[in-house]
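A quick write-up on the structure given underneath.
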Amino acid sequence: ETFLSDAAAATIKQATDTTGFFGSESPSISGTGMRIAFRSNSVVAGNADGNSEIFLYDAAAGTVTQVTDTTGGVNASPSISGDGRRIAFESDRFLGGNADGNREIFLYDATTSGIYQITDTTDAPGVLGNDFPSISSDGTRIAFKSLHDLTGQNADGNEEVFLYDTSAGTFTQVTNTAAGVIFEFAISGDGKRIAFASNQFAANGNADGNLEIFIAGCLSPEPPSSADLLVSLGVDKSSVKQGDLLTYTITVLNYGPNTARNVIVNDTLASGATF
């Protein structure tokens, strides 16, 4: 089953209560701790056929939502964004856009309830060509492993780290190796760094080819800066006579996370007022 531990309250809450061979597993929790994405093949929230599906648990509402609804195949490795709005996962289903049933990376948006296919590749049967997705806090960057030449730099088809930018719709190849394995990814909240396991990178000190943990920077392209601005307008008088002097005050608050630059605010004067 899937459980939620609250360190502050020293409590453990059972989120699922199911039966089945695998049950509920692979939990991924949002930044606020209020949403958990997980995989289950049990009868949860309408999964009558007991297929391996992705689910979303809302701790505040105490509800479970079935994200995927497929027949056969595999839906796995859910990774939820920090704000809890998006879930990246791998699947060999969704035949509407994945007709060959290849293992691809998908993105679920809780705001629209839409599922979008990120990769579109072709593999031999049984080959896991794209897997281990990890999504950034704002849900705009997804790190994953692929055997494919998604950017024109992986002609040898080796396992490499890739980064997908949802805002730009672009792929970036982060690593470039000749052999070996790369797996188990974790992208930082700001989407600028990726931690992963590999037996490669002798030039970086791993001469014996042992399985080690590495961290890669992925600053290109730079994640788009964002600022959350609140603009309010106030006036010092609620009623005026002809010839009165009014003082308008415009207040702009920036809730971040980035600095706002070159902000221009325009306001139209009320009828009969002059500046």
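Following the order of the structure tokens, first chain is A, next is B, and so on, with residues numbered from 1 inside each chain and ligands from 1 in the order they appear.
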Within 6 Å of range 183-197 of chain A, counting only C-alpha atoms, which residues show up once you throw out same-chain ones fewer than 3 positions away? Write them as JSON, numbers by chain, please. {"A": [134, 136, 137, 141, 212, 213, 214, 215, 216, 217, 218, 219]}
Saved selection, atoms kept: N, CA, C and O atoms, as a PDB file, in the first residue's frame:
ATOM      1  N   SER A 134      11.772  12.175 -14.430  1.00  0.00           N
ATOM      2  CA  SER A 134      11.795  12.963 -13.198  1.00  0.00           C
ATOM      3  C   SER A 134      11.464  14.399 -13.571  1.00  0.00           C
ATOM      4  O   SER A 134      12.101  14.966 -14.468  1.00  0.00           O
ATOM      5  N   SER A 136      10.583  18.593 -12.790  1.00  0.00           N
ATOM      6  CA  SER A 136      10.967  19.722 -11.937  1.00  0.00           C
ATOM      7  C   SER A 136       9.773  20.230 -11.136  1.00  0.00           C
ATOM      8  O   SER A 136       8.624  19.838 -11.369  1.00  0.00           O
ATOM      9  N   SER A 137      10.047  21.140 -10.197  1.00  0.00           N
ATOM     10  CA  SER A 137       8.997  21.624  -9.286  1.00  0.00           C
ATOM     11  C   SER A 137       7.841  22.294 -10.015  1.00  0.00           C
ATOM     12  O   SER A 137       6.673  22.108  -9.662  1.00  0.00           O
ATOM     13  N   ARG A 141      10.182  20.968 -16.792  1.00  0.00           N
ATOM     14  CA  ARG A 141      11.370  20.239 -17.236  1.00  0.00           C
ATOM     15  C   ARG A 141      11.293  18.787 -16.789  1.00  0.00           C
ATOM     16  O   ARG A 141      10.987  18.507 -15.625  1.00  0.00           O
ATOM     17  N   GLU A 212      28.236   4.496  -9.877  1.00  0.00           N
ATOM     18  CA  GLU A 212      28.376   5.643  -8.995  1.00  0.00           C
ATOM     19  C   GLU A 212      27.239   6.643  -9.232  1.00  0.00           C
ATOM     20  O   GLU A 212      26.489   6.521 -10.202  1.00  0.00           O
ATOM     21  N   ILE A 213      27.162   7.636  -8.335  1.00  0.00           N
ATOM     22  CA  ILE A 213      26.181   8.704  -8.479  1.00  0.00           C
ATOM     23  C   ILE A 213      26.856   9.926  -9.096  1.00  0.00           C
ATOM     24  O   ILE A 213      27.927  10.345  -8.648  1.00  0.00           O
ATOM     25  N   PHE A 214      26.215  10.509 -10.087  1.00  0.00           N
ATOM     26  CA  PHE A 214      26.747  11.687 -10.776  1.00  0.00           C
ATOM     27  C   PHE A 214      25.693  12.796 -10.764  1.00  0.00           C
ATOM     28  O   PHE A 214      24.497  12.544 -10.578  1.00  0.00           O
ATOM     29  N   ILE A 215      26.174  14.008 -10.966  1.00  0.00           N
ATOM     30  CA  ILE A 215      25.273  15.145 -11.089  1.00  0.00           C
ATOM     31  C   ILE A 215      25.662  15.954 -12.319  1.00  0.00           C
ATOM     32  O   ILE A 215      26.838  16.210 -12.554  1.00  0.00           O
ATOM     33  N   ALA A 216      24.674  16.284 -13.132  1.00  0.00           N
ATOM     34  CA  ALA A 216      24.917  17.007 -14.381  1.00  0.00           C
ATOM     35  C   ALA A 216      24.191  18.342 -14.348  1.00  0.00           C
ATOM     36  O   ALA A 216      23.038  18.425 -13.905  1.00  0.00           O
ATOM     37  N   GLY A 217      24.855  19.378 -14.814  1.00  0.00           N
ATOM     38  CA  GLY A 217      24.210  20.675 -14.978  1.00  0.00           C
ATOM     39  C   GLY A 217      23.473  20.715 -16.297  1.00  0.00           C
ATOM     40  O   GLY A 217      23.923  20.136 -17.286  1.00  0.00           O
ATOM     41  N   CYS A 218      22.341  21.368 -16.319  1.00  0.00           N
ATOM     42  CA  CYS A 218      21.564  21.465 -17.567  1.00  0.00           C
ATOM     43  C   CYS A 218      21.037  22.887 -17.698  1.00  0.00           C
ATOM     44  O   CYS A 218      19.836  23.131 -17.624  1.00  0.00           O
ATOM     45  N   LEU A 219      21.960  23.817 -17.865  1.00  0.00           N
ATOM     46  CA  LEU A 219      21.609  25.238 -17.894  1.00  0.00           C
ATOM     47  C   LEU A 219      21.207  25.728 -19.266  1.00  0.00           C
ATOM     48  O   LEU A 219      20.816  26.868 -19.427  1.00  0.00           O
TER      49      LEU A 219
END
Non-local contacts of range 55-62 of chain A (7 Å; only C-alpha atoms; under 5 positions in same chain excluded) as a list in words: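 Close residues of range 55-62 of chain A: Met34, Arg35, Ile36, Ala37, Phe38, Arg39 and Val67 of chain A.
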Residue subset to file, keeping N, CA, C and O atoms, as a short mmCIF file (atom, residue, chain, number, x, y, z; two decimals), in the first residue's frame:
data_model
loop_
_atom_site.label_atom_id
_atom_site.label_comp_id
_atom_site.auth_asym_id
_atom_site.auth_seq_id
_atom_site.Cartn_x
_atom_site.Cartn_y
_atom_site.Cartn_z
N MET A 34 0.84 17.39 -0.15
CA MET A 34 -0.60 17.17 -0.18
C MET A 34 -1.05 16.28 -1.33
O MET A 34 -2.22 15.87 -1.38
N ARG A 35 -0.16 16.00 -2.28
CA ARG A 35 -0.53 15.15 -3.41
C ARG A 35 0.53 14.08 -3.62
O ARG A 35 1.74 14.37 -3.55
N ILE A 36 0.07 12.86 -3.87
CA ILE A 36 0.97 11.73 -4.09
C ILE A 36 0.56 11.02 -5.37
O ILE A 36 -0.59 10.59 -5.52
N ALA A 37 1.50 10.89 -6.30
CA ALA A 37 1.29 10.07 -7.49
C ALA A 37 1.86 8.69 -7.20
O ALA A 37 2.91 8.57 -6.58
N PHE A 38 1.16 7.64 -7.64
CA PHE A 38 1.66 6.30 -7.42
C PHE A 38 1.13 5.35 -8.50
O PHE A 38 0.23 5.70 -9.27
N ARG A 39 1.70 4.17 -8.53
CA ARG A 39 1.30 3.14 -9.49
C ARG A 39 0.57 2.04 -8.73
O ARG A 39 0.96 1.68 -7.63
N VAL A 67 -5.48 8.35 -13.00
CA VAL A 67 -4.91 9.21 -14.05
C VAL A 67 -4.94 8.51 -15.41
O VAL A 67 -5.33 9.09 -16.41
#
Can you measure CA of Arg103 in chain A to CA of Thr16 in chain A for me? One decimal in Å is fine. 26.9 Å
Within range 105-211 of chain A, find each residue whose DSSP state, derived from the backbone, is strand (DSSP E), and express the selection as a PyMOL selection string. chain A and resi 105-109+114-117+130-135+141-146+160-165+170-173+182-187+193-198
Which residues, written as a PyMOL selection string, have at least one atom at most 9 Å from Thr122 in chain A, with only C-alpha atoms counted and residues fewer than 5 positions away on the same chain left out? chain A and resi 100-103+129+148
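Across the structure, CA of Thr151 in chain A and CA of Phe106 in chain A are spaced 18.2 Å apart.
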Residue with smallest distance to Tyr248 in chain A - pool A:Leu163, A:Leu211, A:Asp267, A:Leu230, counting only C-alpha atoms: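 So, comparing all the options, the nearest one is A:Asp267.
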Distance criterion (only C-alpha atoms): nearest to Ile264 in chain A out of A:Ala143, A:Leu229, A:Ala178, A:Ile135: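 Going through A:Ala143, A:Leu229, A:Ala178, A:Ile135 one by one, the smallest distance to Ile264 in chain A is for A:Leu229.
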Could you state the separation of CA of Ile12 in chain A and CA of Gly84 in chain A in Å, given to one decimal place?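 Between CA of Ile12 in chain A and CA of Gly84 in chain A the gap works out to 20.4 Å.
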Excluding same-chain residues fewer than 2 positions from Lys145 in chain A, what lies within 6 Å of it counting only C-alpha atoms, as a list in words?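 In the requested form, the answer reads Asn130, Asp131, Glu160 and Val161 of chain A.
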Contacts of Val252 in chain A at 10 Å or less, counting only C-alpha atoms, minus same-chain residues fewer than 4 places along, as an mmCIF file with N, CA, C and O atoms, in the first residue's frame?
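Output file out.cif is given in full below:
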data_model
loop_
_atom_site.group_PDB
_atom_site.id
_atom_site.type_symbol
_atom_site.label_atom_id
_atom_site.label_comp_id
_atom_site.auth_asym_id
_atom_site.auth_seq_id
_atom_site.Cartn_x
_atom_site.Cartn_y
_atom_site.Cartn_z
ATOM 1 N N LEU A 229 3.280 38.930 -10.085
ATOM 2 C CA LEU A 229 3.026 40.329 -9.724
ATOM 3 C C LEU A 229 1.563 40.557 -9.349
ATOM 4 O O LEU A 229 0.652 40.036 -9.994
ATOM 5 N N LEU A 230 1.366 41.355 -8.280
ATOM 6 C CA LEU A 230 0.027 41.790 -7.889
ATOM 7 C C LEU A 230 -0.012 43.314 -7.970
ATOM 8 O O LEU A 230 0.767 44.006 -7.310
ATOM 9 N N VAL A 231 -0.893 43.851 -8.810
ATOM 10 C CA VAL A 231 -1.007 45.290 -9.024
ATOM 11 C C VAL A 231 -2.312 45.789 -8.416
ATOM 12 O O VAL A 231 -3.385 45.229 -8.678
ATOM 13 N N SER A 232 -2.224 46.818 -7.572
ATOM 14 C CA SER A 232 -3.433 47.398 -6.971
ATOM 15 C C SER A 232 -3.396 48.920 -7.125
ATOM 16 O O SER A 232 -2.328 49.529 -7.172
ATOM 17 N N LEU A 233 -4.580 49.529 -7.197
ATOM 18 C CA LEU A 233 -4.706 50.970 -7.394
ATOM 19 C C LEU A 233 -5.570 51.552 -6.275
ATOM 20 O O LEU A 233 -6.640 51.031 -5.960
ATOM 21 N N VAL A 263 9.131 46.534 -15.813
ATOM 22 C CA VAL A 263 7.679 46.447 -15.651
ATOM 23 C C VAL A 263 7.043 47.794 -16.017
ATOM 24 O O VAL A 263 7.474 48.843 -15.538
ATOM 25 N N VAL A 265 3.341 49.806 -16.147
ATOM 26 C CA VAL A 265 1.950 49.789 -15.714
ATOM 27 C C VAL A 265 1.232 50.980 -16.334
ATOM 28 O O VAL A 265 1.681 52.123 -16.199
#
Nearest residue to Phe94 in chain A from the set A:Gly31, A:Gly82, A:Gly73, A:Gly152 (distances using only C-alpha atoms):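 Between A:Gly31, A:Gly82, A:Gly73, A:Gly152, the residue approaching Phe94 in chain A most closely is A:Gly73.
Proximity of A:Ile142, A:Ala10, A:Ala260, A:Leu4 to Thr166 in chain A, computed with only C-alpha atoms, is greatest for A:Ile142.
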List the neighbours of Leu246 in chain A out to 9 Å using only C-alpha atoms; skip same-chain residues closer than 6 positions along the sequence, and give me the result as a VMD selection string. chain A and resid 235 to 237 240 273
Just the selected residues (C-alpha atoms), exported as a short mmCIF file (atom, residue, chain, number, x, y, z; two decimals), in the first residue's frame, please.
data_model
loop_
_atom_site.label_atom_id
_atom_site.label_comp_id
_atom_site.auth_asym_id
_atom_site.auth_seq_id
_atom_site.Cartn_x
_atom_site.Cartn_y
_atom_site.Cartn_z
CA VAL A 235 -7.10 56.90 -4.36
CA ASP A 236 -7.12 59.24 -1.32
CA LYS A 237 -10.73 60.47 -1.74
CA VAL A 240 -14.64 64.83 -5.06
CA ALA A 273 -10.03 63.90 -14.32
#
